[in-house]
Amino acid sequence: MQTRAETLARDNHGFEGRSIEELWRDPAWHEYIFTGGTATVLDFPSMIDATDRSDGPFMRPLTDEEIRAWSPDGRPTHEESIAGTRDASTAMRS
């Protein structure tokens with residue numbers, strides 16, 4: 001929740017003065033997100049905790065252990081992020 005609130009505070013995408021919960025009840029927000037979106041955490045109706053293993057249409061941040069699997073120091077470089085995304089995508093198709 002905090003990440004979404006901070007992201008919205010930095011750029012409200014022309015939807016001034018509303019919380020993310022209010023935005024997701026607005027058909028104009030749906031149109032905006034589903035025809036291009038923000039390329040941020042705001043594009044997901046909800047965000048869950050990194051350790052939650054529920055199924056659904058939401059964003060789940062990676063756990064520290066998941067990050068360290070492809071970035072041993074826990075602070076991925078751009079190159080490590082690209083490689084980690086590619087590896088995860090390949091694993092999902094298997």
# chains A, B, ... in the order shown; residues from 1 in each chain; ligands from 1
$ residues_around --residues "segment 7-12 of chain A" --least-positions-apart "4" --cutoff "10 Å" --atoms "only C-alpha atoms" --output "short mmCIF file (atom, residue, chain, number, x, y, z; two decimals) with N, CA and C atoms, in the first residue's frame"
data_model
loop_
_atom_site.label_atom_id
_atom_site.label_comp_id
_atom_site.auth_asym_id
_atom_site.auth_seq_id
_atom_site.Cartn_x
_atom_site.Cartn_y
_atom_site.Cartn_z
N MET A 1 0.82 -1.20 0.00
CA MET A 1 0.00 0.00 0.00
C MET A 1 0.86 1.26 0.00
N GLN A 2 1.90 1.25 0.80
CA GLN A 2 2.75 2.43 0.91
C GLN A 2 3.40 2.77 -0.43
N THR A 3 3.89 1.75 -1.15
CA THR A 3 4.53 2.00 -2.43
C THR A 3 3.56 2.61 -3.41
N GLU A 16 -6.05 14.07 -9.90
CA GLU A 16 -5.71 14.79 -8.67
C GLU A 16 -6.68 14.53 -7.52
N GLY A 17 -6.12 14.42 -6.31
CA GLY A 17 -6.90 14.41 -5.09
C GLY A 17 -7.63 13.13 -4.75
N ARG A 18 -7.23 11.99 -5.35
CA ARG A 18 -7.91 10.75 -5.05
C ARG A 18 -6.92 9.68 -4.61
N SER A 19 -7.38 8.80 -3.75
CA SER A 19 -6.55 7.67 -3.33
C SER A 19 -6.59 6.60 -4.41
N ILE A 20 -5.68 5.66 -4.34
CA ILE A 20 -5.67 4.57 -5.31
C ILE A 20 -6.96 3.75 -5.22
N THR A 38 0.33 3.11 -16.44
CA THR A 38 1.37 3.98 -15.91
C THR A 38 2.74 3.32 -15.92
N THR A 40 3.71 1.33 -13.68
CA THR A 40 4.10 1.35 -12.27
C THR A 40 3.18 0.40 -11.49
N VAL A 41 3.37 0.38 -10.18
CA VAL A 41 2.52 -0.43 -9.31
C VAL A 41 1.06 0.03 -9.33
N LEU A 42 0.80 1.22 -9.88
CA LEU A 42 -0.56 1.73 -9.93
C LEU A 42 -1.43 0.96 -10.92
#
$ select_by_dssp --residues "chain A" --states "helix (DSSP H, G or I)" --output "PyMOL selection string"
chain A and resi 2-10+20-23+27-34+41-43+64-68+78-93
$ atom_distance --atom1 "atom CA of Asp43 of chain A" --atom2 "atom CA of His30 of chain A"
9.2 Å
$ closest_residue --among "A:His78, A:Gly14, A:Ala50, A:Ala5" --to "Leu62 of chain A" --atoms "only C-alpha atoms"
A:Ala50
$ atom_distance --atom1 "atom CA of Arg4 of chain A" --atom2 "atom CA of Met47 of chain A"
8.3 Å
